[in-house]
file run-v4.tsv (TSV, C-alpha atoms)
chain	number	residue	atom	x	y	z
A	1281	MET	CA	-10.22	1.80	-13.89
A	1282	ILE	CA	-12.99	-0.18	-12.20
A	1283	THR	CA	-15.98	1.21	-10.30
A	1284	THR	CA	-17.56	-1.09	-7.72
A	1285	PRO	CA	-20.33	-0.60	-5.14
A	1286	THR	CA	-19.29	-1.06	-1.53
A	1287	SER	CA	-22.39	-2.88	-0.23
A	1288	SER	CA	-21.53	-6.40	-1.41
A	1289	ARG	CA	-17.95	-6.08	-0.18
A	1290	ARG	CA	-19.28	-4.80	3.14
A	1291	ARG	CA	-21.37	-7.95	3.59
A	1292	ARG	CA	-18.43	-10.19	2.78
A	1293	LEU	CA	-16.16	-8.38	5.23
A	1294	ALA	CA	-18.77	-8.66	7.93
A	1295	ALA	CA	-18.60	-12.43	7.62
A	1296	LEU	CA	-14.88	-12.31	8.33
A	1297	LEU	CA	-15.32	-10.69	11.73
A	1298	VAL	CA	-15.21	-13.16	14.58
A	1299	SER	CA	-16.89	-10.76	16.98
A	1300	GLY	CA	-17.68	-7.09	17.48
A	1301	THR	CA	-19.87	-4.59	15.71
A	1302	VAL	CA	-18.71	-2.59	12.71
A	1303	LEU	CA	-19.08	1.12	13.40
A	1304	THR	CA	-19.87	3.61	10.69
A	1305	ALA	CA	-18.21	7.00	10.83
A	1306	GLY	CA	-21.04	9.34	9.97
A	1307	CYS	CA	-20.23	12.95	9.31
A	1308	SER	CA	-21.66	16.00	7.59
A	1309	ALA	CA	-20.18	17.67	4.58
A	1310	GLY	CA	-18.33	20.93	5.06
A	1311	SER	CA	-19.66	24.19	3.74
A	1312	SER	CA	-16.97	24.57	1.11
A	1313	ALA	CA	-16.14	22.21	-1.72
A	1314	ASN	CA	-13.38	19.75	-0.88
A	1315	THR	CA	-12.34	16.18	-1.59
A	1316	LEU	CA	-14.89	14.64	0.76
A	1317	ASP	CA	-17.77	16.85	-0.43
A	1318	THR	CA	-17.01	16.12	-4.06
A	1319	ALA	CA	-16.72	12.37	-3.56
A	1320	ARG	CA	-19.98	12.24	-1.65
A	1321	SER	CA	-21.72	14.40	-4.25
A	1322	LYS	CA	-20.57	12.10	-7.06
A	1323	GLY	CA	-21.14	8.99	-4.99
A	1324	THR	CA	-17.69	7.70	-5.90
A	1325	LEU	CA	-14.30	7.60	-4.16
A	1326	ARG	CA	-11.47	7.54	-6.70
A	1327	VAL	CA	-8.70	5.32	-5.35
A	1328	ALA	CA	-5.28	4.95	-6.96
A	1329	LEU	CA	-3.23	1.78	-6.61
A	1330	THR	CA	-0.65	-0.10	-8.61
A	1331	GLU	CA	-2.83	-3.16	-9.29
A	1332	ALA	CA	0.46	-5.08	-9.37
A	1333	ASN	CA	1.69	-5.47	-5.79
A	1334	PRO	CA	0.13	-8.57	-4.24
A	1335	PRO	CA	-0.90	-9.34	-1.60
A	1336	TRP	CA	-1.48	-5.62	-1.04
A	1337	ASN	CA	-3.28	-4.99	-4.35
A	1338	PHE	CA	-3.45	-6.79	-7.69
A	1339	LEU	CA	-5.85	-7.84	-10.45
A	1340	ASP	CA	-7.70	-11.12	-10.00
A	1341	ALA	CA	-9.76	-12.05	-13.06
A	1342	ASN	CA	-9.34	-8.40	-14.10
A	1343	LYS	CA	-10.84	-7.14	-10.84
A	1344	PRO	CA	-8.86	-5.37	-8.08
A	1345	ALA	CA	-8.21	-7.55	-5.04
A	1346	GLY	CA	-5.98	-7.61	-1.97
A	1347	TYR	CA	-5.51	-5.92	1.39
A	1348	ASP	CA	-5.54	-2.35	0.02
A	1349	VAL	CA	-8.68	-3.05	-2.00
A	1350	ASP	CA	-10.67	-4.40	0.95
A	1351	VAL	CA	-9.50	-1.47	3.07
A	1352	ALA	CA	-10.62	0.95	0.33
A	1353	TYR	CA	-14.11	-0.55	0.17
A	1354	GLU	CA	-14.46	-0.39	3.94
A	1355	LEU	CA	-13.18	3.19	4.08
A	1356	ALA	CA	-15.63	4.38	1.41
A	1357	GLU	CA	-18.51	2.74	3.27
A	1358	ARG	CA	-17.60	4.51	6.49
A	1359	LEU	CA	-17.23	7.85	4.70
A	1360	GLY	CA	-20.75	7.50	3.33
A	1361	ILE	CA	-19.63	7.02	-0.29
A	1362	ASP	CA	-21.49	4.42	-2.36
A	1363	LYS	CA	-18.87	3.35	-4.89
A	1364	VAL	CA	-15.12	2.93	-5.30
A	1365	GLU	CA	-13.44	3.68	-8.61
A	1366	PHE	CA	-10.01	2.04	-8.75
A	1367	ILE	CA	-7.46	3.79	-10.96
A	1368	GLY	CA	-4.27	1.99	-11.93
A	1369	SER	CA	-1.10	4.03	-11.47
A	1370	ASP	CA	2.41	3.53	-10.06
A	1371	PHE	CA	4.66	4.88	-7.34
A	1372	GLY	CA	6.38	7.26	-9.73
A	1373	ASN	CA	3.06	8.98	-10.54
A	1374	PHE	CA	1.06	8.80	-7.31
A	1375	ILE	CA	2.04	12.20	-5.96
A	1376	GLY	CA	1.59	14.00	-9.28
A	1377	GLY	CA	-1.78	12.31	-9.74
A	1378	VAL	CA	-2.98	13.43	-6.32
A	1379	GLN	CA	-1.79	16.98	-6.94
A	1380	ALA	CA	-3.50	17.06	-10.34
A	1381	ASN	CA	-6.74	15.70	-8.81
A	1382	ARG	CA	-6.75	12.63	-11.05
A	1383	PHE	CA	-7.79	10.63	-8.00
A	1384	ASP	CA	-8.98	11.41	-4.49
A	1385	ILE	CA	-6.69	9.16	-2.49
A	1386	VAL	CA	-3.82	6.70	-2.90
A	1387	ILE	CA	-4.25	3.43	-0.99
A	1388	SER	CA	-1.21	1.53	-2.18
A	1389	GLY	CA	1.36	1.27	0.59
A	1390	GLN	CA	3.11	4.62	0.29
A	1391	THR	CA	5.66	5.04	3.06
A	1392	ILE	CA	5.27	8.18	5.19
A	1393	THR	CA	8.38	10.31	4.67
A	1394	ASP	CA	9.26	13.94	5.39
A	1395	GLU	CA	9.96	14.60	1.72
A	1396	ARG	CA	6.58	13.29	0.62
A	1397	LYS	CA	4.82	15.27	3.37
A	1398	LYS	CA	6.02	18.44	1.65
A	1399	GLN	CA	3.94	17.48	-1.40
A	1400	VAL	CA	0.91	15.56	-0.14
A	1401	ASP	CA	-0.91	14.86	3.10
A	1402	PHE	CA	-1.00	11.43	4.76
A	1403	SER	CA	-3.60	9.59	6.78
A	1404	ARG	CA	-2.68	7.93	10.02
A	1405	PRO	CA	-0.76	4.66	9.40
A	1406	TYR	CA	-2.86	1.84	7.98
A	1407	GLU	CA	-0.11	-0.74	7.43
A	1408	VAL	CA	3.49	-1.48	8.33
A	1409	ASN	CA	5.92	-3.41	6.24
A	1410	GLY	CA	9.47	-4.71	6.27
A	1411	VAL	CA	11.97	-4.56	3.42
A	1412	SER	CA	13.85	-7.75	2.58
A	1413	VAL	CA	16.71	-8.57	0.24
A	1414	PHE	CA	15.64	-11.20	-2.30
A	1415	VAL	CA	18.32	-13.14	-4.18
A	1416	GLY	CA	18.48	-16.17	-6.45
A	1417	GLU	CA	17.58	-19.38	-4.65
A	1418	ASP	CA	21.15	-20.74	-4.97
A	1419	ASN	CA	22.84	-17.53	-3.85
A	1420	THR	CA	24.66	-17.80	-0.51
A	1421	SER	CA	26.94	-14.75	-0.74
A	1422	LEU	CA	24.44	-11.89	-0.49
A	1423	THR	CA	23.20	-11.90	3.08
A	1424	GLY	CA	23.02	-8.27	4.13
A	1425	LEU	CA	23.67	-4.65	3.29
A	1426	PRO	CA	27.52	-4.76	3.14
A	1427	SER	CA	27.44	-7.63	0.64
A	1428	LEU	CA	25.29	-5.61	-1.79
A	1429	ARG	CA	28.01	-3.06	-2.54
A	1430	GLY	CA	28.55	-2.70	-6.29
A	1431	LYS	CA	25.83	-5.22	-7.14
A	1432	ARG	CA	22.95	-4.97	-9.60
A	1433	ILE	CA	19.98	-4.05	-7.41
A	1434	ALA	CA	16.43	-4.36	-8.72
A	1435	VAL	CA	13.81	-1.96	-7.31
A	1436	THR	CA	10.38	-0.63	-8.18
A	1437	GLU	CA	10.75	2.95	-9.40
A	1438	GLY	CA	9.28	5.62	-7.16
A	1439	THR	CA	9.41	3.52	-3.97
A	1440	THR	CA	11.34	4.11	-0.77
A	1441	GLN	CA	13.22	0.90	-1.58
A	1442	ALA	CA	14.57	2.63	-4.68
A	1443	ASP	CA	15.68	5.61	-2.58
A	1444	TYR	CA	17.24	3.25	-0.05
A	1445	ALA	CA	19.25	1.46	-2.73
A	1446	ARG	CA	20.52	4.75	-4.20
A	1447	THR	CA	21.56	6.22	-0.86
A	1448	LYS	CA	22.59	3.25	1.28
A	1449	ILE	CA	24.28	0.81	-1.11
A	1450	PRO	CA	27.66	2.13	-2.34
A	1451	ASP	CA	28.41	1.75	-6.06
A	1452	ALA	CA	25.14	-0.10	-6.64
A	1453	GLN	CA	23.95	-0.53	-10.21
A	1454	ILE	CA	20.29	0.36	-9.79
A	1455	LYS	CA	17.82	-1.33	-12.12
A	1456	THR	CA	14.29	0.06	-11.99
A	1457	TYR	CA	11.03	-1.69	-12.84
A	1458	LYS	CA	7.34	-0.87	-12.96
A	1459	ASN	CA	6.51	-3.46	-10.31
A	1460	ALA	CA	8.07	-6.01	-7.96
A	1461	THR	CA	7.12	-9.01	-10.10
A	1462	LEU	CA	9.37	-7.79	-12.90
A	1463	ALA	CA	12.18	-7.01	-10.46
A	1464	LEU	CA	12.06	-10.46	-8.85
A	1465	THR	CA	11.80	-12.16	-12.23
A	1466	ASP	CA	15.04	-10.57	-13.35
A	1467	VAL	CA	16.74	-11.68	-10.13
A	1468	GLY	CA	15.54	-15.21	-10.76
A	1469	ARG	CA	16.91	-15.07	-14.31
A	1470	GLY	CA	20.26	-13.70	-13.19
A	1471	ARG	CA	19.78	-10.28	-14.77
A	1472	ALA	CA	20.00	-8.62	-11.36
A	1473	ASP	CA	21.85	-9.76	-8.26
A	1474	ALA	CA	19.24	-8.81	-5.68
A	1475	ALA	CA	15.91	-7.06	-5.28
A	1476	LEU	CA	14.67	-4.91	-2.42
A	1477	VAL	CA	11.04	-5.86	-1.86
A	1478	SER	CA	8.46	-5.99	0.92
A	1479	LYS	CA	8.84	-9.23	2.88
A	1480	PHE	CA	5.14	-10.07	2.41
A	1481	GLN	CA	5.01	-9.14	-1.22
A	1482	GLY	CA	8.25	-10.87	-2.19
A	1483	ALA	CA	7.29	-14.14	-0.55
A	1484	TYR	CA	3.82	-14.01	-2.11
A	1485	LEU	CA	5.11	-13.29	-5.61
A	1486	ALA	CA	7.85	-15.90	-5.45
A	1487	ASP	CA	5.34	-18.58	-4.48
A	1488	LYS	CA	2.57	-17.48	-6.87
A	1489	ASN	CA	4.87	-17.19	-9.90
A	1490	ASN	CA	7.20	-20.06	-9.00
A	1491	LEU	CA	10.19	-17.72	-9.08
A	1492	PRO	CA	13.61	-19.14	-8.07
A	1493	VAL	CA	14.28	-16.43	-5.46
A	1494	LYS	CA	14.42	-16.27	-1.68
A	1495	ALA	CA	14.67	-13.72	1.12
A	1496	SER	CA	18.20	-13.43	2.50
A	1497	GLY	CA	19.45	-11.97	5.77
A	1498	ALA	CA	17.67	-9.70	8.23
A	1499	LEU	CA	15.17	-6.98	7.31
A	1500	LEU	CA	16.86	-3.83	6.05
A	1501	GLU	CA	14.25	-1.56	7.60
A	1502	THR	CA	10.64	-1.33	8.65
A	1503	GLU	CA	8.32	1.06	6.82
A	1504	VAL	CA	5.15	2.75	8.04
A	1505	ASN	CA	2.61	3.35	5.28
A	1506	GLY	CA	-0.26	5.80	5.00
A	1507	MET	CA	-2.90	6.86	2.49
A	1508	THR	CA	-2.14	10.04	0.54
A	1509	PHE	CA	-4.32	12.87	-0.72
A	1510	ARG	CA	-4.09	16.53	-1.71
A	1511	LYS	CA	-2.70	18.93	0.86
A	1512	GLY	CA	-5.07	21.10	2.81
A	1513	GLN	CA	-7.97	18.62	2.91
A	1514	LYS	CA	-8.34	18.81	6.69
A	1515	ASP	CA	-11.93	17.55	6.88
A	1516	PHE	CA	-11.13	14.64	4.59
A	1517	LYS	CA	-8.08	13.69	6.66
A	1518	GLN	CA	-10.03	13.91	9.89
A	1519	LYS	CA	-12.78	11.61	8.62
A	1520	VAL	CA	-10.32	9.14	7.04
A	1521	ASP	CA	-8.30	8.96	10.26
A	1522	LYS	CA	-11.46	8.46	12.32
A	1523	ALA	CA	-12.63	5.63	10.07
A	1524	LEU	CA	-9.22	3.94	10.21
A	1525	GLY	CA	-9.15	4.23	13.99
A	1526	GLU	CA	-12.53	2.52	14.22
A	1527	MET	CA	-11.42	-0.22	11.81
A	1528	ILE	CA	-8.44	-0.90	14.08
A	1529	ASP	CA	-10.54	-0.91	17.24
A	1530	ASP	CA	-13.55	-2.94	16.08
A	1531	GLY	CA	-11.68	-5.84	14.47
A	1532	THR	CA	-12.36	-5.05	10.81
A	1533	LEU	CA	-8.72	-4.40	9.92
A	1534	SER	CA	-7.68	-7.57	11.75
A	1535	ALA	CA	-10.06	-9.61	9.63
A	1536	ILE	CA	-8.86	-8.04	6.38
A	1537	SER	CA	-5.18	-8.50	7.17
A	1538	ARG	CA	-5.56	-12.08	8.34
A	1539	ARG	CA	-7.19	-12.90	5.03
A	1540	TRP	CA	-4.42	-11.46	2.87
A	1541	LEU	CA	-1.25	-11.47	4.98
A	1542	GLY	CA	-0.92	-15.06	6.08
A	1543	GLY	CA	-2.74	-14.59	9.37
A	1544	LEU	CA	-0.93	-11.40	10.42
A	1545	ASP	CA	-3.02	-9.05	12.55
A	1546	MET	CA	-2.17	-5.63	11.13
A	1547	ALA	CA	-4.30	-3.88	13.74
A	1548	GLU	CA	-2.05	-5.26	16.45
A	1549	GLU	CA	0.98	-3.91	14.62
A	1550	LEU	CA	-0.60	-0.47	14.30
A	1551	ARG	CA	-1.65	-0.16	17.93
A	1552	ASP	CA	2.02	0.25	18.86
A	1553	LEU	CA	2.42	3.24	16.52
A	1554	PRO	CA	1.49	6.88	17.20
A	1555	ALA	CA	-1.51	7.82	15.09
A	1556	ASP	CA	-0.19	11.34	14.45
A	1557	GLN	CA	3.10	10.49	12.75
A	1558	ALA	CA	1.68	11.51	9.37
A	1559	GLY	CA	2.20	15.02	10.73

call {"tool": "encode", "arguments": {"input": "run-v4.tsv", "output": "structure tokens"}}
result
Amino acid sequence: MITTPTSSRRRRLAALLVSGTVLTAGCSAGSSANTLDTARSKGTLRVALTEANPPWNFLDANKPAGYDVDVAYELAERLGIDKVEFIGSDFGNFIGGVQANRFDIVISGQTITDERKKQVDFSRPYEVNGVSVFVGEDNTSLTGLPSLRGKRIAVTEGTTQADYARTKIPDAQIKTYKNATLALTDVGRGRADAALVSKFQGAYLADKNNLPVKASGALLETEVNGMTFRKGQKDFKQKVDKALGEMIDDGTLSAISRRWLGGLDMAEELRDLPADQAG
């Protein structure tokens, strides 16, 4: 886990903004102890992420980097919290970690689903993503969902892609991995026939690691992702949602996403979504 002050990251993000003024969401602590009160009292926001899902989040020279990381720094600044402590975890343990109070919030691309909403609370959407089928670079037969029947499908355990493979691909032989890099590597080596991976992440990893894989066919589905935290933290959710709304409106999220997502303006994508779908 790595603890980092937000001030230097704040200055760097300010340089990314073409125009507009960054707004800070000031707010007072509630009268009873809760996630926001505790984080402010300690001066640290504990953020869980995989540290292995670029360009969303990963380790660069042993320091967290990526879209989720920059968003986390900006969020902490707007919540009035001095430092961010990044805690490495994985999709299979995010919900349990939130419930056990091992971290305050997960900022790692968790898809908002009804099943997850029974266990944790979500922020308003902060990113959207599409799921692609990645196959070996010479493969021409696997081009869509019907062609995946009975195949060896590589997925990251605990993700919605893993659930999708189990429920939507008949007779699939599901192979689970700790992260998408391992899944794509096995596809490239012929140990799996296809991998279900984010379109941004898969393309990034294939290029960065020189993996002999490619995206094939149309997107299987589009996912809407939120930040997760313990249930019942109404003040925390309200302040997080307010900060995210300001980041969308003032250009900060646009600058962050353009840096990490090949020029994509994530704020533009999010403006078309209802802010209350976290429910």

call {"tool": "closest_residue", "arguments": {"input": "run-v4.tsv", "among": "A:Phe1516, A:Arg1469, A:Leu1485, A:Gly1360", "to": "Gly1323 (chain A)", "atoms": "all atoms listed in the file"}}
result
A:Gly1360

call {"tool": "closest_residue", "arguments": {"input": "run-v4.tsv", "among": "A:Ser1321, A:Val1415, A:Leu1499, A:Pro1426", "to": "Ala1463 (chain A)", "atoms": "only C-alpha atoms"}}
result
A:Val1415

call {"tool": "closest_residue", "arguments": {"input": "run-v4.tsv", "among": "A:Gly1542, A:Gly1372, A:Gly1468, A:Pro1554", "to": "Thr1456 (chain A)", "atoms": "only C-alpha atoms"}}
result
A:Gly1372

call {"tool": "closest_residue", "arguments": {"input": "run-v4.tsv", "among": "A:Ala1434, A:Ala1452, A:Glu1407, A:Gln1390", "to": "Ser1537 (chain A)", "atoms": "all atoms listed in the file"}}
result
A:Glu1407

call {"tool": "closest_residue", "arguments": {"input": "run-v4.tsv", "among": "A:Asp1362, A:Glu1549, A:Asp1451, A:Glu1331", "to": "Val1349 (chain A)", "atoms": "all atoms listed in the file"}}
result
A:Glu1331

call {"tool": "closest_residue", "arguments": {"input": "run-v4.tsv", "among": "A:Asp1556, A:Lys1431, A:Pro1285, A:Ser1369", "to": "Arg1446 (chain A)", "atoms": "only C-alpha atoms"}}
result
A:Lys1431

call {"tool": "decode", "arguments": {"input": "run-v4.tsv", "residues": "region 1381-1392 of chain A", "atoms": "all heavy atoms", "output": "short mmCIF file (atom, residue, chain, number, x, y, z; two decimals), in the first residue's frame"}}
result
data_model
loop_
_atom_site.label_atom_id
_atom_site.label_comp_id
_atom_site.auth_asym_id
_atom_site.auth_seq_id
_atom_site.Cartn_x
_atom_site.Cartn_y
_atom_site.Cartn_z
N ASN A 1381 -14.23 -3.01 6.30
CA ASN A 1381 -13.60 -1.72 6.57
C ASN A 1381 -12.08 -1.77 6.42
O ASN A 1381 -11.35 -1.06 7.12
CB ASN A 1381 -13.98 -1.20 7.96
CG ASN A 1381 -13.73 0.29 8.11
OD1 ASN A 1381 -13.78 1.03 7.15
ND2 ASN A 1381 -13.46 0.72 9.33
N ARG A 1382 -11.60 -2.60 5.50
CA ARG A 1382 -10.16 -2.61 5.22
C ARG A 1382 -9.75 -1.43 4.35
O ARG A 1382 -8.59 -1.08 4.29
CB ARG A 1382 -9.75 -3.94 4.56
CG ARG A 1382 -9.82 -5.13 5.50
CD ARG A 1382 -9.04 -6.31 4.98
NE ARG A 1382 -9.60 -6.86 3.76
CZ ARG A 1382 -10.53 -7.81 3.73
NH1 ARG A 1382 -11.03 -8.29 4.86
NH2 ARG A 1382 -10.99 -8.28 2.59
N PHE A 1383 -10.71 -0.86 3.66
CA PHE A 1383 -10.48 0.37 2.91
C PHE A 1383 -11.78 1.16 2.86
O PHE A 1383 -12.86 0.63 3.15
CB PHE A 1383 -9.96 0.11 1.49
CG PHE A 1383 -10.32 -1.24 0.91
CD1 PHE A 1383 -11.57 -1.46 0.34
CD2 PHE A 1383 -9.40 -2.29 0.93
CE1 PHE A 1383 -11.89 -2.69 -0.22
CE2 PHE A 1383 -9.73 -3.52 0.38
CZ PHE A 1383 -10.97 -3.73 -0.20
N ASP A 1384 -11.67 2.45 2.55
CA ASP A 1384 -12.82 3.33 2.57
C ASP A 1384 -13.64 3.26 1.28
O ASP A 1384 -14.86 3.41 1.32
CB ASP A 1384 -12.37 4.78 2.78
CG ASP A 1384 -11.59 4.97 4.06
OD1 ASP A 1384 -12.04 4.45 5.10
OD2 ASP A 1384 -10.53 5.63 4.01
N ILE A 1385 -12.95 3.06 0.17
CA ILE A 1385 -13.62 3.14 -1.12
C ILE A 1385 -12.84 2.33 -2.15
O ILE A 1385 -11.61 2.20 -2.06
CB ILE A 1385 -13.74 4.62 -1.57
CG1 ILE A 1385 -14.65 4.78 -2.78
CG2 ILE A 1385 -12.37 5.23 -1.79
CD1 ILE A 1385 -15.03 6.25 -3.06
N VAL A 1386 -13.55 1.75 -3.10
CA VAL A 1386 -12.92 1.05 -4.22
C VAL A 1386 -13.05 1.94 -5.45
O VAL A 1386 -14.16 2.32 -5.83
CB VAL A 1386 -13.59 -0.31 -4.49
CG1 VAL A 1386 -12.95 -0.98 -5.72
CG2 VAL A 1386 -13.48 -1.22 -3.28
N ILE A 1387 -11.92 2.29 -6.05
CA ILE A 1387 -11.92 3.05 -7.30
C ILE A 1387 -11.14 2.22 -8.31
O ILE A 1387 -9.95 2.41 -8.53
CB ILE A 1387 -11.30 4.45 -7.11
CG1 ILE A 1387 -12.00 5.20 -5.98
CG2 ILE A 1387 -11.38 5.25 -8.41
CD1 ILE A 1387 -11.44 6.59 -5.71
N SER A 1388 -11.83 1.24 -8.88
CA SER A 1388 -11.13 0.27 -9.72
C SER A 1388 -12.05 -0.34 -10.78
O SER A 1388 -11.93 -1.50 -11.12
CB SER A 1388 -10.53 -0.84 -8.85
OG SER A 1388 -9.52 -1.55 -9.54
N GLY A 1389 -12.99 0.47 -11.26
CA GLY A 1389 -13.81 0.02 -12.38
C GLY A 1389 -14.80 -1.09 -12.05
O GLY A 1389 -15.04 -1.97 -12.88
N GLN A 1390 -15.42 -1.04 -10.88
CA GLN A 1390 -16.44 -2.04 -10.58
C GLN A 1390 -17.75 -1.66 -11.28
O GLN A 1390 -18.26 -0.55 -11.13
CB GLN A 1390 -16.68 -2.13 -9.08
CG GLN A 1390 -15.69 -3.04 -8.36
CD GLN A 1390 -16.16 -3.36 -6.97
OE1 GLN A 1390 -16.31 -2.47 -6.14
NE2 GLN A 1390 -16.39 -4.62 -6.69
N THR A 1391 -18.31 -2.61 -12.01
CA THR A 1391 -19.55 -2.37 -12.72
C THR A 1391 -20.72 -2.33 -11.74
O THR A 1391 -20.81 -3.15 -10.83
CB THR A 1391 -19.79 -3.47 -13.77
OG1 THR A 1391 -18.68 -3.49 -14.66
CG2 THR A 1391 -21.06 -3.21 -14.57
N ILE A 1392 -21.62 -1.39 -11.93
CA ILE A 1392 -22.80 -1.24 -11.08
C ILE A 1392 -23.80 -2.33 -11.47
O ILE A 1392 -24.29 -2.37 -12.60
CB ILE A 1392 -23.43 0.14 -11.26
CG1 ILE A 1392 -22.43 1.23 -10.85
CG2 ILE A 1392 -24.72 0.26 -10.45
CD1 ILE A 1392 -22.88 2.64 -11.18
#
